[in-house]
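Written below as structure tokens is the structure these notes are about.
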Amino acid sequence: MFGRIEDTVSGIDATRSRVVVAGPGSSRTIPGIIVSEIVRALATRTRVTRLEVDVASDTFAGLDRAPSLSAAHDTRANDNLFSYRAPDNTRLRLQMFRQLIDRDVAVAVAYVWPGIDNDWIRQFLQVANAAGATTVVLCASLPTSTSNPTAVGDLADIMSRADHVIVGDLGDADELASIYGTLDPLVEVHVALSLRGRAERSGGRRITAFLPRDSGDTLATMLSAFDAIPEAWIPDYRLHIVMRYEGERLPDLVAASYHADYVELTGEDITSSDLKVLTSRSSALSVAEPPRDSRAYASAIGSGIATVVLANATIPSVGHGYVGGLLADTRNPSSIHVALRHALRLEDLRFPNPLAWQQLARRLSPDQSLPDLKVLEAASND
């Protein structure tokens, strides 16, 4: 009846989870990837049931369609995690919620992404409250440029039956707290739910690519990907390539590219402070075959910027837990072009540091009591 990824629903009666997490499940959307990181972090602490709720019209609702680097790492089996796909049919979905959320469940969590269909959350909270679980709604705080500025306030009614609502931004928390007044739910803030914070940039769409030393093949592939940008659009784009090289072969390769006037090649070592400035001014990054100690990739995580990691046959060692990481084939210009286009679509988002998922999991864990504060301002600095 239901789409269990591993077994049938009736097969887990003896091993009920203490935490149930419901939300988007597609690894081709940013919300789905975020929910994956939340349940993965929770599963290191307790048994978790994940309910993947992908309303058909929202599965590819203008979010991330390029391969996710963090999702590529999410292939290991976890005995603490049970996953189900919720039916699109409202009646069947309600039946699934009732079957999987019983009185053994301590915490029921729903993830909300403003701008997509979140009406299913009413059913989820109704069932979880009836079962006596502590109910929590996690609501992403998005930049106003990517969502309706009043979206969080518009969701207040949907989330009102929860015991706790956790958002990523203090402004959203203040708005919800003013709507709810002295009534439940309690409104809190956690940095893991914020996708705001990237400063305004000038100078169009700037791509910065960090390539291996003297790698003419990688440079040629990157230039081919950049040359695929339509000529009518190119005045708004800049490609800055950072790679050490010797001789004139690689500068000549850049000069011979179709969009050479919009490409800059830097061959000198750059300091950590220069790297930070370069990253902050970029709309998207690309890093080819980064090692674990890659300064460029560490800078990307520090700034929360959407980053395309170029790899060959094997999955890179970096990327665990970083939702802003996309994956492209070093040898394939089309793969790089598509990934960079999607990274640019995400340029207004500041993605959470991977450590934030464990901090959020600690907050949600059944052995941790959720604090009875109306707004936790300090949590925004976790």
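Residue numbering restarts at 1 in every chain; chains get A, B, ... in the order shown in the structure tokens, and ligands count up from 1 in that same order.
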
Hey, could you make a per-residue contact list for segment 173-289 of chain A against segment 338-353 of chain A with 10 Å as the cut-off, showing the nearest pair of atoms and its distance in Å to one decimal, counting only C-alpha atoms, sorted by chain and number, as a Markdown table?
```
| residue | atom | partner | partner_atom | distance |
| --- | --- | --- | --- | --- |
| A:Val191 | CA | A:Pro352 | CA | 7.3 |
| A:Ala192 | CA | A:Pro352 | CA | 5.6 |
| A:Leu193 | CA | A:Pro352 | CA | 7.6 |
| A:Ser194 | CA | A:Pro352 | CA | 7.1 |
| A:Leu195 | CA | A:Arg350 | CA | 4.7 |
| A:Arg196 | CA | A:Arg350 | CA | 5.3 |
| A:Gly197 | CA | A:Arg350 | CA | 5.7 |
| A:Arg198 | CA | A:Arg350 | CA | 5.5 |
| A:Ala199 | CA | A:Asp348 | CA | 8.4 |
| A:Glu200 | CA | A:Asp348 | CA | 8.4 |
| A:Arg201 | CA | A:Asp348 | CA | 9.6 |
| A:Arg205 | CA | A:Leu344 | CA | 7.4 |
| A:Arg206 | CA | A:Leu344 | CA | 8.8 |
| A:Ile207 | CA | A:Leu340 | CA | 8.2 |
| A:Ala225 | CA | A:Val338 | CA | 8.5 |
| A:Phe226 | CA | A:Leu340 | CA | 9.0 |
| A:Ala228 | CA | A:Val338 | CA | 9.9 |
| A:Ile229 | CA | A:Arg341 | CA | 9.3 |
| A:Ser282 | CA | A:Glu347 | CA | 8.7 |
| A:Ser283 | CA | A:Glu347 | CA | 5.3 |
| A:Ala284 | CA | A:Leu344 | CA | 5.8 |
| A:Leu285 | CA | A:Ala343 | CA | 8.0 |
| A:Ser286 | CA | A:Leu340 | CA | 7.8 |
```

Include N, CA, C and O atoms and write out the residues we just selected as an mmCIF file, in the first residue's frame.
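File part.cif, as written:
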```cif
data_model
loop_
_atom_site.group_PDB
_atom_site.id
_atom_site.type_symbol
_atom_site.label_atom_id
_atom_site.label_comp_id
_atom_site.auth_asym_id
_atom_site.auth_seq_id
_atom_site.Cartn_x
_atom_site.Cartn_y
_atom_site.Cartn_z
ATOM 1 N N VAL A 191 20.283 28.127 13.652
ATOM 2 C CA VAL A 191 21.047 28.535 12.472
ATOM 3 C C VAL A 191 20.970 27.518 11.334
ATOM 4 O O VAL A 191 21.105 27.870 10.154
ATOM 5 N N ALA A 192 20.735 26.241 11.640
ATOM 6 C CA ALA A 192 20.686 25.214 10.597
ATOM 7 C C ALA A 192 19.542 25.450 9.617
ATOM 8 O O ALA A 192 19.570 24.936 8.490
ATOM 9 N N LEU A 193 18.544 26.216 10.033
ATOM 10 C CA LEU A 193 17.372 26.438 9.194
ATOM 11 C C LEU A 193 17.438 27.747 8.413
ATOM 12 O O LEU A 193 16.508 28.093 7.698
ATOM 13 N N SER A 194 18.538 28.471 8.542
ATOM 14 C CA SER A 194 18.679 29.737 7.831
ATOM 15 C C SER A 194 19.437 29.550 6.526
ATOM 16 O O SER A 194 20.514 28.957 6.501
ATOM 17 N N LEU A 195 18.886 30.068 5.449
ATOM 18 C CA LEU A 195 19.579 30.124 4.172
ATOM 19 C C LEU A 195 19.786 31.574 3.746
ATOM 20 O O LEU A 195 19.956 31.882 2.576
ATOM 21 N N ARG A 196 19.788 32.459 4.714
ATOM 22 C CA ARG A 196 20.036 33.870 4.470
ATOM 23 C C ARG A 196 21.462 34.237 4.867
ATOM 24 O O ARG A 196 22.104 33.507 5.608
ATOM 25 N N GLY A 197 21.918 35.395 4.383
ATOM 26 C CA GLY A 197 23.185 35.908 4.895
ATOM 27 C C GLY A 197 24.248 36.192 3.856
ATOM 28 O O GLY A 197 25.284 36.764 4.184
ATOM 29 N N ARG A 198 24.023 35.821 2.597
ATOM 30 C CA ARG A 198 25.010 36.172 1.575
ATOM 31 C C ARG A 198 24.842 37.639 1.222
ATOM 32 O O ARG A 198 23.757 38.104 0.901
ATOM 33 N N ALA A 199 25.934 38.385 1.269
ATOM 34 C CA ALA A 199 25.883 39.819 1.007
ATOM 35 C C ALA A 199 25.582 40.090 -0.468
ATOM 36 O O ALA A 199 25.827 39.251 -1.340
ATOM 37 N N GLU A 200 25.024 41.272 -0.716
ATOM 38 C CA GLU A 200 24.766 41.675 -2.093
ATOM 39 C C GLU A 200 26.090 41.787 -2.841
ATOM 40 O O GLU A 200 27.086 42.294 -2.340
ATOM 41 N N ARG A 201 26.110 41.296 -4.076
ATOM 42 C CA ARG A 201 27.311 41.366 -4.909
ATOM 43 C C ARG A 201 27.022 42.217 -6.131
ATOM 44 O O ARG A 201 25.898 42.290 -6.598
ATOM 45 N N ARG A 205 27.176 38.052 -12.688
ATOM 46 C CA ARG A 205 27.288 36.692 -12.166
ATOM 47 C C ARG A 205 28.738 36.229 -12.322
ATOM 48 O O ARG A 205 29.219 35.971 -13.422
ATOM 49 N N ARG A 206 29.401 36.100 -11.198
ATOM 50 C CA ARG A 206 30.834 35.808 -11.176
ATOM 51 C C ARG A 206 31.062 34.362 -10.743
ATOM 52 O O ARG A 206 30.679 33.965 -9.637
ATOM 53 N N ILE A 207 31.706 33.603 -11.621
ATOM 54 C CA ILE A 207 32.067 32.214 -11.319
ATOM 55 C C ILE A 207 33.566 32.164 -11.062
ATOM 56 O O ILE A 207 34.364 32.655 -11.878
ATOM 57 N N ALA A 225 32.659 24.620 -21.149
ATOM 58 C CA ALA A 225 31.406 24.781 -20.403
ATOM 59 C C ALA A 225 30.997 26.250 -20.360
ATOM 60 O O ALA A 225 29.817 26.584 -20.524
ATOM 61 N N PHE A 226 31.956 27.131 -20.155
ATOM 62 C CA PHE A 226 31.665 28.562 -20.096
ATOM 63 C C PHE A 226 31.277 29.106 -21.476
ATOM 64 O O PHE A 226 30.380 29.953 -21.599
ATOM 65 N N ALA A 228 29.575 27.727 -23.603
ATOM 66 C CA ALA A 228 28.206 27.322 -23.950
ATOM 67 C C ALA A 228 27.167 28.343 -23.513
ATOM 68 O O ALA A 228 25.987 28.230 -23.876
ATOM 69 N N ILE A 229 27.569 29.356 -22.753
ATOM 70 C CA ILE A 229 26.640 30.418 -22.369
ATOM 71 C C ILE A 229 26.257 31.207 -23.627
ATOM 72 O O ILE A 229 27.131 31.610 -24.396
ATOM 73 N N SER A 282 32.049 36.121 -5.228
ATOM 74 C CA SER A 282 31.625 35.203 -6.278
ATOM 75 C C SER A 282 30.147 34.861 -6.149
ATOM 76 O O SER A 282 29.593 34.860 -5.048
ATOM 77 N N SER A 283 29.534 34.570 -7.291
ATOM 78 C CA SER A 283 28.160 34.077 -7.297
ATOM 79 C C SER A 283 28.122 32.572 -7.127
ATOM 80 O O SER A 283 27.159 32.018 -6.588
ATOM 81 N N ALA A 284 29.157 31.883 -7.612
ATOM 82 C CA ALA A 284 29.257 30.426 -7.508
ATOM 83 C C ALA A 284 30.722 30.045 -7.618
ATOM 84 O O ALA A 284 31.522 30.757 -8.230
ATOM 85 N N LEU A 285 31.070 28.912 -7.008
ATOM 86 C CA LEU A 285 32.437 28.394 -7.077
ATOM 87 C C LEU A 285 32.463 27.057 -7.791
ATOM 88 O O LEU A 285 31.456 26.339 -7.835
ATOM 89 N N SER A 286 33.621 26.726 -8.313
ATOM 90 C CA SER A 286 33.876 25.377 -8.814
ATOM 91 C C SER A 286 35.266 24.972 -8.356
ATOM 92 O O SER A 286 36.215 25.757 -8.464
#
```

List every residue of segment 63-309 of chain A that DSSP, applied to the backbone of this structure, assigns to strand (DSSP E), and report them as a ChimeraX atom specification. /A:81-85,107-112,134-139,164-167,186-189,205-210,237-242,263-266,284-288,307-309

Give me the residues within 10 Å of Gly25 of chain A as JSON, numbers by chain, counting only C-alpha atoms and dropping any in the same chain fewer than 2 places off. {"A": [22, 23, 27, 28, 29, 30, 31, 32, 33, 34, 35, 36, 50, 51, 52, 53, 54, 55, 59, 83, 84, 85, 86]}

Please provide the set of residues having any atom within 10 Å of Leu250 of chain A, restricted to only C-alpha atoms, with same-chain residues fewer than 2 positions apart removed, written as a ChimeraX atom specification. /A:214-217,219-220,243-248,252-256,265,267

Using only C-alpha atoms, which of the listed residues (A:Val189, A:Leu326, A:Val308, A:Val107) sits closest to Asp163 of chain A?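 Ranked by minimum distance to Asp163 of chain A, first place goes to A:Val107.
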
Between atom CA of Pro366 of chain A and atom CA of Ser160 of chain A, measure the distance and give it in Å to one decimal.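 Those two atoms sit 21.4 Å apart.
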
Filtered DSSP result for segment 18-252 of chain A, state helix (DSSP H, G or I), as a VMD selection string: chain A and resid 30 to 42 56 to 58 69 to 72 90 to 100 120 to 130 151 to 154 156 to 159 170 to 180 191 to 193 216 to 227 234 to 236 249 to 252

If we count only C-alpha atoms and set the cut-off at 10 Å, which residues sit around Ala311 of chain A, ignoring sequence neighbours fewer than 4 positions away in its own chain? Please answer as a PyMOL selection string. chain A and resi 287-290+315-316+327-331

Taken to one decimal, the atom CA of Leu186 of chain A-atom CA of Arg98 of chain A distance is 24.7 Å

Figure out the distance between atom CA of Ser303 of chain A and atom CA of Thr44 of chain A, please, to one decimal in Å.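 Pair atom CA of Thr44 of chain A / atom CA of Ser303 of chain A returns 26.6 Å.
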